[in-house]
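Before any comments, here is the structure.
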Amino acid sequence: MASPRQRAARWRYVQYAVLVVILLAIILVADWDQIQRAFWDWELVKEQFPDVITIALKNTIIYTACGFTFGLLLGLVLALMRLSSVGPYRWIATGIIELFRGLPALVVFIALSVGFNLAFPRYEIPFGNLGVVTLALGLVGGAYMAETIRAGIQAVPKGQMEAARSLGMSHGRAMISVVVPQAFRIILPPLTNELILLTKDSSLVYILGLSLSGYELTKFGREGMNSASNLTPIIVIGLCYLLITVPLSIVVRRMESRAERAR
Amino acid sequence: MTAETTHRAGADRSGAAIDVQDLHKYFGDNEVLKGIDFHVGNGQVVCVIGPSGSGKSTLLRCVNMLETPTSGKIFVEGEEITDPDADVDKLRARIGMVFQQFNLFPHMTVLRNLTIAQEKVKGRKKDEAVEIARATLAKVGLSEKESAYPAHLSGGQSQRAAIARALSMSPDMMLFDEPTSALDPELVGDVLAVMKDLAAEGMTMMVVTHEMGFAREVGDNLVFMDGGVIVEEGDPRVVLADPQHERTQLFLSKVL
C-alpha cells in the first residue's frame, strides 16, 4: 500500500502528464503558418505603428480617464446621497443608480449622442465627443461605483465616525477626512475592476461616428482589419489593451500591499 | 478634599462642568436611563461604576451627544448642549473623549491623528498643531511613536495615543468610556498612570470604569448605577468600604 504522501505525489505526476499531452496535441495539430498569416503578419504589424499608439491608445486612455474621473465623483455623490437622512436624496440616488446600472452602456451612448440632440436641439453637450464619452462612461461607471463606495463607507467601523465627531468635526468633515479615505482603501480592488471595465467600454464610442483622429483602440483595429482582410490589427490592439490593464493591476496590487502594511 | 453629595436640592450648579438634569434615554421601547441627575464640578474626577447594561456608558455618551437624549437637559459649563440650537460641534471640541476601543484613525500616523482636528476644527496652523501634538505625546510617553501607524502600537500605546489625541485639542474636560477594558492586564497600569497625572493637573474628568483602585485613589466622587438609575453616590473611599444599598453591596462583592 502506498503512503498518502506517495499517492499525492503520483496524482500530481498524472496532472502534469495530462497538461503536457494537451499542449503537445495543440502544437502538433495547429497549422502554424496559417495561424501566423491570419493573426500576425509582420508587414501589417509594422503598418499599425505609430498611429496605434499616438492616436488609438492615447484616445482610449483619455476617454477612460475622463469617464472614470467623472464616474468616481458621481459615484461618491450618489453613495453619500444613498446614505443621506433626507428621503428625496436617497430616492433620487437609487433611481439614478438603478437606471444606469440596468441599461447597456451602448444604449446610454446612443441616448446621449442622438437622444440629447433630439430632446434639446438648441443645446450641445460641451467638449463635443469627449464630453459625450465622459458623460456616458461616467454615468454607467458611476452607477456601479456608487454601490461599491456605499458598501465601503458602511464597512468603516462606527467608532471612527464617533471619534471624529467627538473631536468636534462636523459630519461632512468627518466623512471627508476620516471615513471616505478608509472606505476607498477597502474598495480599491473593486474600483480597479471598474476602471478596467470602463477601459473596455470606451470602445463603444464608435457609435458617435468619429474621424480618424478620434479613433480609440477597438475602432482603429476594426478599420485596420477591414482594409487588410486580416486579423493582425485586432491582435495588435488587443495587446495594447493589455498594455493598459496589466500595469494597472500591478500598480494597484502594490498600493494594496502598501496600505496593508500601514494598517 | 472630599466630594460633597451632588444632590443638594437647589444647590448652585452654575459652576459645574457637567450638569445632567432628569435625563431619560430610550433605545426603542427599552428605557436605559430613567431620570438621571448627575453633575461633575470643575476640576473634579467623577467615576461611574455599575454592572453592564446599567446605562453608565450611555450616560457618558449623552454628555457629548453621541447619543441623543430622549428627554432631559445637559449643560456643559453652563451651556445647554441638548438645546436644538446649540452648536454641538463647537461644544464637543471642548470635551475630550476616550473610547474603550481607542478608535484611532488607522490611515494616519500617530502625529496626524493628533493634528488633524486641531487644524480642521480649531483652525490652528500646522506648525502650532505639530508643536502641541509633540508636547502631548511626550506627556503620555509616546514621543518616539509619532510617525508610527496605529496598527503598529500595542493596546496600551494606542490608548495613550488616543488620550493624547483628545488632549491636544486643549479640552476643558475629559470623558473616559471604560478606557482600560480592552487592554491586556499588564498594560492597564500605563494608561491609568497617564490618567492619574491628568487628574493631578486638575483636569475635570468623568470616567466610566471597572478599576475600583483608580476610583478609590483618584476619584472625588463615585457614582454607582444599576438599571438606568443612580443607586448610590458619594466619596469613593466611603462607598467602596461601606456601601449603603443592597445592589451596591452585591455588585461590589462580585468585583472586589
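Scheme for the C-alpha cells: letters A, B, ... for chains in order shown; per-chain residue numbers from 1; ligand numbers from 1 in order shown.
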*For chain A, list the residues within 8 Å of chain B, counting only C-alpha atoms, and write the list as a PyMOL selection string.*
chain A and resi 159-160+162-170+178+181-182+262-263
Limited to N, CA, C and O atoms, could you put the picked residues into a file as a CSV table (one decimal), in the first residue's frame?
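See again31.csv below for the written result:
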```csv
chain,number,residue,atom,x,y,z
A,159,GLY,N,-17.1,53.4,15.2
A,159,GLY,CA,-16.3,54.2,16.2
A,159,GLY,C,-15.4,55.3,15.5
A,159,GLY,O,-15.1,56.2,16.2
A,160,GLN,N,-15.1,55.1,14.2
A,160,GLN,CA,-14.3,56.1,13.5
A,160,GLN,C,-15.1,57.4,13.4
A,160,GLN,O,-14.5,58.5,13.7
A,162,GLU,N,-17.6,58.3,15.3
A,162,GLU,CA,-17.8,58.8,16.6
A,162,GLU,C,-16.6,59.5,17.1
A,162,GLU,O,-16.7,60.6,17.8
A,163,ALA,N,-15.4,58.9,16.9
A,163,ALA,CA,-14.2,59.6,17.4
A,163,ALA,C,-14.0,60.9,16.7
A,163,ALA,O,-13.6,61.9,17.3
A,164,ALA,N,-14.2,61.0,15.4
A,164,ALA,CA,-14.1,62.2,14.7
A,164,ALA,C,-15.1,63.3,15.2
A,164,ALA,O,-14.7,64.4,15.4
A,165,ARG,N,-16.3,62.8,15.4
A,165,ARG,CA,-17.3,63.8,15.9
A,165,ARG,C,-17.0,64.3,17.3
A,165,ARG,O,-17.2,65.4,17.6
A,166,SER,N,-16.4,63.3,18.1
A,166,SER,CA,-16.1,63.7,19.5
A,166,SER,C,-15.0,64.8,19.5
A,166,SER,O,-14.8,65.5,20.5
A,167,LEU,N,-14.2,64.8,18.4
A,167,LEU,CA,-13.2,65.9,18.4
A,167,LEU,C,-13.7,67.2,17.8
A,167,LEU,O,-13.0,68.2,17.7
A,168,GLY,N,-15.0,67.2,17.6
A,168,GLY,CA,-15.6,68.5,17.1
A,168,GLY,C,-15.8,68.6,15.6
A,168,GLY,O,-16.2,69.6,15.1
A,169,MET,N,-15.4,67.5,14.9
A,169,MET,CA,-15.6,67.6,13.4
A,169,MET,C,-17.1,67.5,13.1
A,169,MET,O,-17.8,66.8,13.7
A,170,SER,N,-17.5,68.3,12.0
A,170,SER,CA,-18.9,68.2,11.5
A,170,SER,C,-19.0,66.8,10.8
A,170,SER,O,-18.0,66.1,10.5
A,178,VAL,N,-12.0,61.3,7.5
A,178,VAL,CA,-11.8,60.0,8.3
A,178,VAL,C,-12.5,58.8,7.6
A,178,VAL,O,-11.8,57.8,7.4
A,181,PRO,N,-11.7,58.2,3.2
A,181,PRO,CA,-10.3,57.6,2.9
A,181,PRO,C,-10.2,56.2,3.3
A,181,PRO,O,-9.6,55.4,2.5
A,182,GLN,N,-10.8,55.8,4.4
A,182,GLN,CA,-10.7,54.4,4.8
A,182,GLN,C,-11.6,53.5,3.9
A,182,GLN,O,-11.3,52.4,3.6
A,262,ALA,N,0.4,49.6,6.4
A,262,ALA,CA,0.1,50.7,7.2
A,262,ALA,C,-1.1,50.4,8.1
A,262,ALA,O,-1.3,51.2,9.0
A,263,ARG,N,-1.7,49.3,7.9
A,263,ARG,CA,-2.9,49.1,8.7
A,263,ARG,C,-2.6,48.6,10.1
A,263,ARG,O,-1.6,47.9,10.3
```
*stretch 55-66 of chain A surroundings by only C-alpha atoms, 6 Å radius, close-in-sequence under 5 positions cut, as a PyMOL selection string*: chain A and resi 134+199+215-217
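One distance worth recording is that between atom CA of B:Val76 and atom CA of B:Gly43, which is 13.3 Å.
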*DSSP helix (DSSP H, G or I) residues within stretch 23-213 of chain A, as JSON, numbers by chain*: {"A": [23, 24, 25, 26, 27, 28, 29, 32, 33, 34, 35, 36, 37, 38, 39, 42, 43, 44, 45, 46, 47, 48, 51, 52, 53, 54, 55, 56, 57, 58, 59, 60, 61, 62, 63, 64, 65, 66, 67, 68, 69, 70, 71, 72, 73, 74, 75, 76, 77, 78, 79, 80, 81, 82, 87, 88, 89, 90, 91, 92, 93, 94, 95, 96, 97, 98, 99, 100, 101, 102, 105, 106, 107, 108, 109, 110, 111, 112, 113, 114, 115, 116, 117, 118, 119, 128, 129, 130, 131, 132, 133, 134, 135, 136, 137, 138, 139, 140, 141, 142, 143, 144, 145, 146, 147, 148, 149, 150, 151, 152, 153, 154, 155, 158, 159, 160, 161, 162, 163, 164, 165, 166, 171, 172, 173, 174, 175, 176, 177, 178, 179, 180, 181, 182, 183, 184, 185, 186, 188, 189, 190, 191, 192, 193, 194, 195, 196, 197, 198, 199, 200, 201, 202, 203, 204, 205, 206, 207, 208, 212, 213]}
*Name the residues of stretch 20-170 of chain B that fall into strand (DSSP E or B) according to DSSP on the backbone, using the chain letters and numbers of this document, as a PyMOL selection string.*
chain B and resi 20-27+30-41+45-49+71-76+79-80+95-98
*Would you kindly return, as a ChimeraX atom specification, each protein, DNA or RNA residue with an atom no farther than 6 Å from any atom of stretch 94-108 of chain A, considering only C-alpha atoms and excluding same-chain residues fewer than 3 positions away?*
/A:91,111,136,140,143
Could you write out the selected residues, including C-alpha atoms, as a PDB file, in the first residue's frame?
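As written to disk, result_34.pdb reads:
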```pdb
ATOM      1  CA  TRP A  91     -34.823  58.100  -3.723  1.00  0.00           C
ATOM      2  CA  ALA A 111     -29.263  58.180 -25.736  1.00  0.00           C
ATOM      3  CA  ALA A 136     -21.818  58.208 -20.861  1.00  0.00           C
ATOM      4  CA  VAL A 140     -22.553  53.901 -16.308  1.00  0.00           C
ATOM      5  CA  ALA A 143     -23.857  53.929 -11.029  1.00  0.00           C
TER       6      ALA A 143
END
```
_Using only C-alpha atoms for the distances, tell me which of B:Arg237, B:Leu198, B:Pro179, B:Pro51 is nearest to B:Lys254._
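The closest residue to B:Lys254 is B:Pro51.
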*Write out as a ChimeraX atom specification each polymer residue whose atoms come within 12 Å of stretch 113-121 of chain A, counting only C-alpha atoms; drop sequence neighbours fewer than 4 positions from it.*
/A:106-109,125-126,128-136,204-210
